[in-house]
Structure formats: structure tokens, C-alpha cells
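Below is one structure, written out as C-alpha cells; the observations come after it.
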Amino acid sequence: MNTYFIAGHAKLPTGMAARSVYETLTITAEVDKLYGVIVDASCTLATEHGREYISRLLKGHSLRNGIEKPLEELKNGYLGKANNALIAALKDLHKQYEAIN
């Protein structure tokens, strides 16, 4: 395959619907090995709409260029309780990517 499957994790805040199912929030990404572009992404948010939002936000972004742009989009666009967990999970995902490149 020409892609990596990478996961980033973060602890969920108390009082969230997803917390009743998962202790941590996970963002997964399928990443092109050559260019570092996110081909597909998912996360463990409770709602399908939230999962799709994160997927759309991350698809097409190259991890070779860092994560400042998607982090800024998360900070300004996702206004739910999981914002800090999403940011931490994305930072962890990028750290995993850097470890293999």
C-alpha cells in the first residue's frame, strides 16, 4: 500500500456523550506515504455529523506542512466541548507521523 494508517489520542472531558462509550478521543488518518496528504480521516466523536466535519476538515491536508492550518480551523470552527481533545489528538497524530518520517 502507498498509505500509512495513523492514530492520535487524547482524553475526553467529562460530561460528553462520547465519554460514555470511549475514555479517549481518537483521530485516525490514512496518509499518503510520498506526500503526507491525508486521504481519509475519522474520529470517535459521538455524532456522525461531528465525525464527518472532522473528516472534511482534515482531508487533503499534507502533514509535511505541519498542522497549524487544521489546528486553526479546529479552534475557529469546532465549538463543541471536545475542541481541546480534538486539538490534542491532532497534535498526537502529527507526532506519530513525524516519528515515521
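By convention here, the chains of the C-alpha cells are called A, B, ... in the order presented, each chain's residues are numbered starting at 1, and ligands are numbered starting at 1 in the order presented.
Looking only at chain A, the set that DSSP places in strand (DSSP E or B) from backbone geometry is Thr3, Tyr4, Phe5, Ile6, Ala7, Gly8, His9, Ala10, Lys11, Thr24, Leu25, Thr26, Ile27, Thr28, Ala29, Glu30, Val31, Asp32, Val37, Ile38, Val39, Asp40, Ala41, Ser42, Cys43 and Ser62 of chain A.
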**OP:** Within 9 Å of Thr26 of chain A, counting only C-alpha atoms, which residues show up once you throw out same-chain ones fewer than 5 positions away? Write them as a PyMOL selection string, please.
**Re:** chain A and resi 7-11+42-45+85-86+89-90+93
What would the file look like if the residues just selected were written as a compact mmCIF listing (two decimals), in the first residue's frame with N, CA and C atoms?
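Saved as part34.txt:
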# COMPACT_ATOMS: atom_id res chain seq x y z
N ALA A 7 -2.93 7.01 14.09
CA ALA A 7 -3.93 7.40 15.08
C ALA A 7 -3.32 8.36 16.10
N GLY A 8 -4.13 9.34 16.50
CA GLY A 8 -3.76 10.25 17.57
C GLY A 8 -4.82 10.16 18.65
N HIS A 9 -4.43 10.25 19.91
CA HIS A 9 -5.35 10.05 21.02
C HIS A 9 -5.29 11.21 22.00
N ALA A 10 -6.42 11.44 22.69
CA ALA A 10 -6.49 12.45 23.75
C ALA A 10 -7.63 12.07 24.69
N LYS A 11 -7.51 12.49 25.94
CA LYS A 11 -8.54 12.22 26.93
C LYS A 11 -9.74 13.13 26.70
N SER A 42 -11.01 10.04 10.28
CA SER A 42 -12.18 9.79 11.10
C SER A 42 -11.83 10.09 12.54
N CYS A 43 -12.86 10.13 13.37
CA CYS A 43 -12.63 10.32 14.80
C CYS A 43 -13.76 9.65 15.58
N THR A 44 -13.62 9.61 16.88
CA THR A 44 -14.59 8.91 17.71
C THR A 44 -15.57 9.87 18.39
N LEU A 45 -15.89 10.99 17.74
CA LEU A 45 -16.96 11.84 18.26
C LEU A 45 -18.26 11.06 18.23
N ALA A 85 -9.78 18.32 23.22
CA ALA A 85 -9.40 16.92 22.98
C ALA A 85 -9.07 16.69 21.51
N LEU A 86 -9.84 17.31 20.61
CA LEU A 86 -9.55 17.19 19.18
C LEU A 86 -8.19 17.79 18.85
N ALA A 89 -5.53 15.43 20.17
CA ALA A 89 -5.46 14.21 19.36
C ALA A 89 -4.80 14.50 18.01
N LEU A 90 -5.10 15.66 17.41
CA LEU A 90 -4.47 16.01 16.14
C LEU A 90 -2.97 16.24 16.33
N LEU A 93 -1.48 12.83 16.58
CA LEU A 93 -1.43 12.20 15.26
C LEU A 93 -0.23 12.73 14.48
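Of the listed residues (A:Asn76, A:Tyr97, A:Lys81, A:Ala41), A:Ala41 comes nearest to Tyr53 of chain A; the distances count only C-alpha atoms.
Among the candidate residues A:His61, A:Lys69, A:Arg51, A:Lys95, the one lying nearest to Ile27 of chain A is A:Arg51, with distances computed using only C-alpha atoms.
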Subject >> From A:Leu34, A:Leu57, A:Ile6, A:Ala46, residue lying nearest Tyr78 of chain A [only C-alpha atoms] >> reply: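 Of A:Leu34, A:Leu57, A:Ile6, A:Ala46, the one nearest Tyr78 of chain A, counting only C-alpha atoms, is A:Leu57.
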Subject >> Polymer residues at most 8 Å from His94 of chain A, only C-alpha atoms, same-chain spacing of 2 or more positions, as a ChimeraX atom specification >> reply: /A:8,63,66-67,90-92,96-98
Could those selected residues go to a file with C-alpha atoms, as a short mmCIF file (atom, residue, chain, number, x, y, z; two decimals), in the first residue's frame?
data_model
loop_
_atom_site.label_atom_id
_atom_site.label_comp_id
_atom_site.auth_asym_id
_atom_site.auth_seq_id
_atom_site.Cartn_x
_atom_site.Cartn_y
_atom_site.Cartn_z
CA GLY A 8 -3.76 10.25 17.57
CA LEU A 63 1.16 16.62 7.29
CA GLY A 66 2.71 20.84 9.77
CA ILE A 67 -0.68 21.07 11.45
CA LEU A 90 -4.47 16.01 16.14
CA LYS A 91 -1.16 17.06 17.71
CA ASP A 92 -0.60 13.44 18.78
CA GLN A 96 3.08 9.85 15.21
CA TYR A 97 3.53 10.95 11.57
CA GLU A 98 6.80 12.73 12.34
#
**OP:** Compare A:Leu58, A:Val31, A:Leu71, A:Ile100 by their minimum atom-to-atom distance to Asn83 of chain A, counting only C-alpha atoms, and give me the closest one.
**Re:**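 Comparing A:Leu58, A:Val31, A:Leu71, A:Ile100 against Asn83 of chain A, the winner is A:Leu71.
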Original post:
In chain A, what's helix (DSSP H, G or I) per DSSP? Answer as a ChimeraX atom specification?
Top reply: /A:17-20,48-58,63-65,68-77,83-100
**OP:** Could you check which of A:Glu68, A:Thr3, A:Glu48, A:Pro13 is closest to Gly36 of chain A, using only C-alpha atoms?
**Re:** A:Thr3
Subject >> Exercise: Glu30 of chain A partners within 8 Å, only C-alpha atoms, chain neighbours under 2 positions left out, as a PyMOL selection string >> reply: chain A and resi 3-6+28+32+38-41
